[in-house]
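*Asks:* Shown below is the structure under consideration.
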Amino acid sequence: MTRAARLAGLAALVAVLFAVSLIVGKVWVSPLAWATGDPGWAIIVQLRVPRALLGLGVGGVLGLSGAVLQGYLRNPLADPAILGISSCAALGAVTMIVVVSGATPLAIFGAAMLGAGGAATLLGALLWRSGGAVGFVLAGTILASLAGALTAFVISVAPNPYAVAEVIDWLMGALTDRGMDEVALGLPLMAAGGAILLATGPALDALTLGEAAARSMGVRLGRLQALVVLGCALGVGASVAVTGVVGFVGLVVPHLLRPVFGARPSGLLLPSALGGAALTLAADTVVRLVPGAGEVRLGVAMAMLGAPFFLLLLLRRGGAAWS
């Protein structure tokens, strides 16, 4: 099967899962509801279309950013969380929820993007003199640790228990109760970040030969690093701003698709975006089917999926070195 055929199959899977996500839930709605005048059509238009669009965008940008970071760092365990951008975006949103009672989605989104932008700026400052993969990982780890500690501090000093409950609910990550306002805020930035990340493909291919070889081929490593940080800040920051923290998508998807599409970084970017969208749409559909009045949060479901996946991967490799 050709690469184009595999890509077409993956795109078709995303389209099918998108359609299924409009139908499945606590209340199942017929796809013919509009034609028959079924009032359930309002559920699709007002609730499930925004949710499916956000699942498409969030999953796509997380899968893509994971593939880019694994290619840039030449490390199959890299994922968007390693930059600290998602942690800083979460810090901004949590601070807004705690400080401003009844903060609007726009205010929370703005605070999260401010946190993501601050993380990108700090990364640039920390890496200005010494770039490279090691410095990149260390700087991201510092930011993630600091943002995590500050988030815990903000929660611990919150005077309003209702705000704490809202924060905890938000941090678990979900597409529940999102509307077209969140779509209008988040999708353009996710698309912009995704376009920047897709443009790094040729440079990532050159980087597989080593930094010295990449420089000899005309790759400007400082520019590549800036593109990676900017793309992740826009895409990952926007995804966290509208859904909360959803992990493991960027870590799992490239691993699943590498045997199908090959290990060449540029050849894995678009499949990872489609695969991330498919995984997120599928997971969000499944969490709606859990018995009970409520739903399992998407971030929780992805963590429950991701950890066993890597345990299985480790057991299959028998402890062999990662390559």
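Just remember, in the structure tokens the first chain shown is A, the second B, etc., residues are 1-based per chain, and ligands are 1-based in the order shown.
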Env of Thr243 (chain A): 7 Å cut, atoms = only C-alpha atoms, seq-sep filter 3 positions within chain, self excluded. Answer as a ChimeraX atom specification.
*Replies:* /A:173-175,239-240
*Asks:* Would you list, as an MDAnalysis selection string, the residues of region 31-134 of chain A that end up in helix (DSSP H, G or I) under DSSP run on this structure's backbone?
*Replies:* chainID A and resid 33:36 41:73 80:83 85:99 105:126 132:134
*Asks:* May I ask which of the residues A:Ala120, A:Leu270, A:Val290, A:Ala282 is the closest one to Lys26 (chain A), counting only C-alpha atoms?
*Replies:*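 Going through A:Ala120, A:Leu270, A:Val290, A:Ala282 one by one, the smallest distance to Lys26 (chain A) is for A:Val290.
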*Asks:* For region 88-120 of chain A against region 145-162 of chain A, with a cut-off of 10 Å and counting only C-alpha atoms, what is the closest atom pair and its distance in Å to one decimal for every residue that makes the cut, ordered by chain and number, as CSV?
*Replies:*
residue,atom,partner,partner_atom,distance
A:Cys88,CA,A:Ala147,CA,5.3
A:Ala89,CA,A:Ala147,CA,8.7
A:Ala90,CA,A:Thr151,CA,7.7
A:Leu91,CA,A:Thr151,CA,5.2
A:Gly92,CA,A:Thr151,CA,8.5
A:Ala93,CA,A:Thr151,CA,9.5
A:Val94,CA,A:Thr151,CA,6.9
A:Thr95,CA,A:Val154,CA,6.5
A:Ile97,CA,A:Ala158,CA,9.7
A:Val98,CA,A:Ala158,CA,6.0
A:Val99,CA,A:Ala158,CA,7.9
A:Ser101,CA,A:Asn160,CA,8.6
A:Gly115,CA,A:Ala147,CA,9.4
A:Ala119,CA,A:Ala147,CA,9.3
*Asks:* Would you mind telling me which residue in A:Thr176, A:Thr121, A:Gln46, A:Ser87 lies nearest to Thr285 (chain A) when using only C-alpha atoms?
*Replies:*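 When distances to Thr285 (chain A) are compared using only C-alpha atoms, the smallest one comes from A:Thr176.
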*Asks:* Using only C-alpha atoms, what table do you get, as a Markdown table, when you list each residue of region 245-291 of chain A with an atom no more than 9 Å from region 203-212 of chain A, its nearest pair of atoms, and their distance in Å rounded to one decimal, rows by chain then rising number?
*Replies:*
| residue | atom | partner | partner_atom | distance |
| --- | --- | --- | --- | --- |
| A:Arg264 | CA | A:Asp205 | CA | 6.5 |
| A:Pro265 | CA | A:Asp205 | CA | 5.7 |
| A:Ser266 | CA | A:Asp205 | CA | 6.2 |
| A:Gly267 | CA | A:Asp205 | CA | 9.0 |
*Asks:* Might you pull out every residue within 9 Å of Leu10 (chain A), with only C-alpha atoms counted and same-chain residues fewer than 2 positions away left off, and present them as a list in words?
*Replies:* Ala5, Arg6, Leu7, Ala8, Ala12, Leu13, Val14, Ala15, Pro271, Leu274, Gly275 and Ala278 of chain A
*Asks:* Write out, as JSON lines, each residue of region 152-269 of chain A that has an atom at most 7 Å from region 64-84 of chain A, together with the closest pair of atoms and their distance in Å to one decimal, counting only C-alpha atoms, rows going by chain and rising number.
*Replies:*
{"residue": "A:Leu197", "atom": "CA", "partner": "A:Val68", "partner_atom": "CA", "distance": 6.8}
{"residue": "A:Leu204", "atom": "CA", "partner": "A:Tyr72", "partner_atom": "CA", "distance": 5.9}
{"residue": "A:Cys232", "atom": "CA", "partner": "A:Ser65", "partner_atom": "CA", "distance": 6.3}
{"residue": "A:Gly250", "atom": "CA", "partner": "A:Gly66", "partner_atom": "CA", "distance": 3.9}
{"residue": "A:Leu251", "atom": "CA", "partner": "A:Asp79", "partner_atom": "CA", "distance": 5.1}
{"residue": "A:Pro254", "atom": "CA", "partner": "A:Ala67", "partner_atom": "CA", "distance": 5.7}
{"residue": "A:Pro265", "atom": "CA", "partner": "A:Gly71", "partner_atom": "CA", "distance": 5.4}
{"residue": "A:Leu268", "atom": "CA", "partner": "A:Ala67", "partner_atom": "CA", "distance": 6.7}
{"residue": "A:Leu269", "atom": "CA", "partner": "A:Leu64", "partner_atom": "CA", "distance": 5.6}
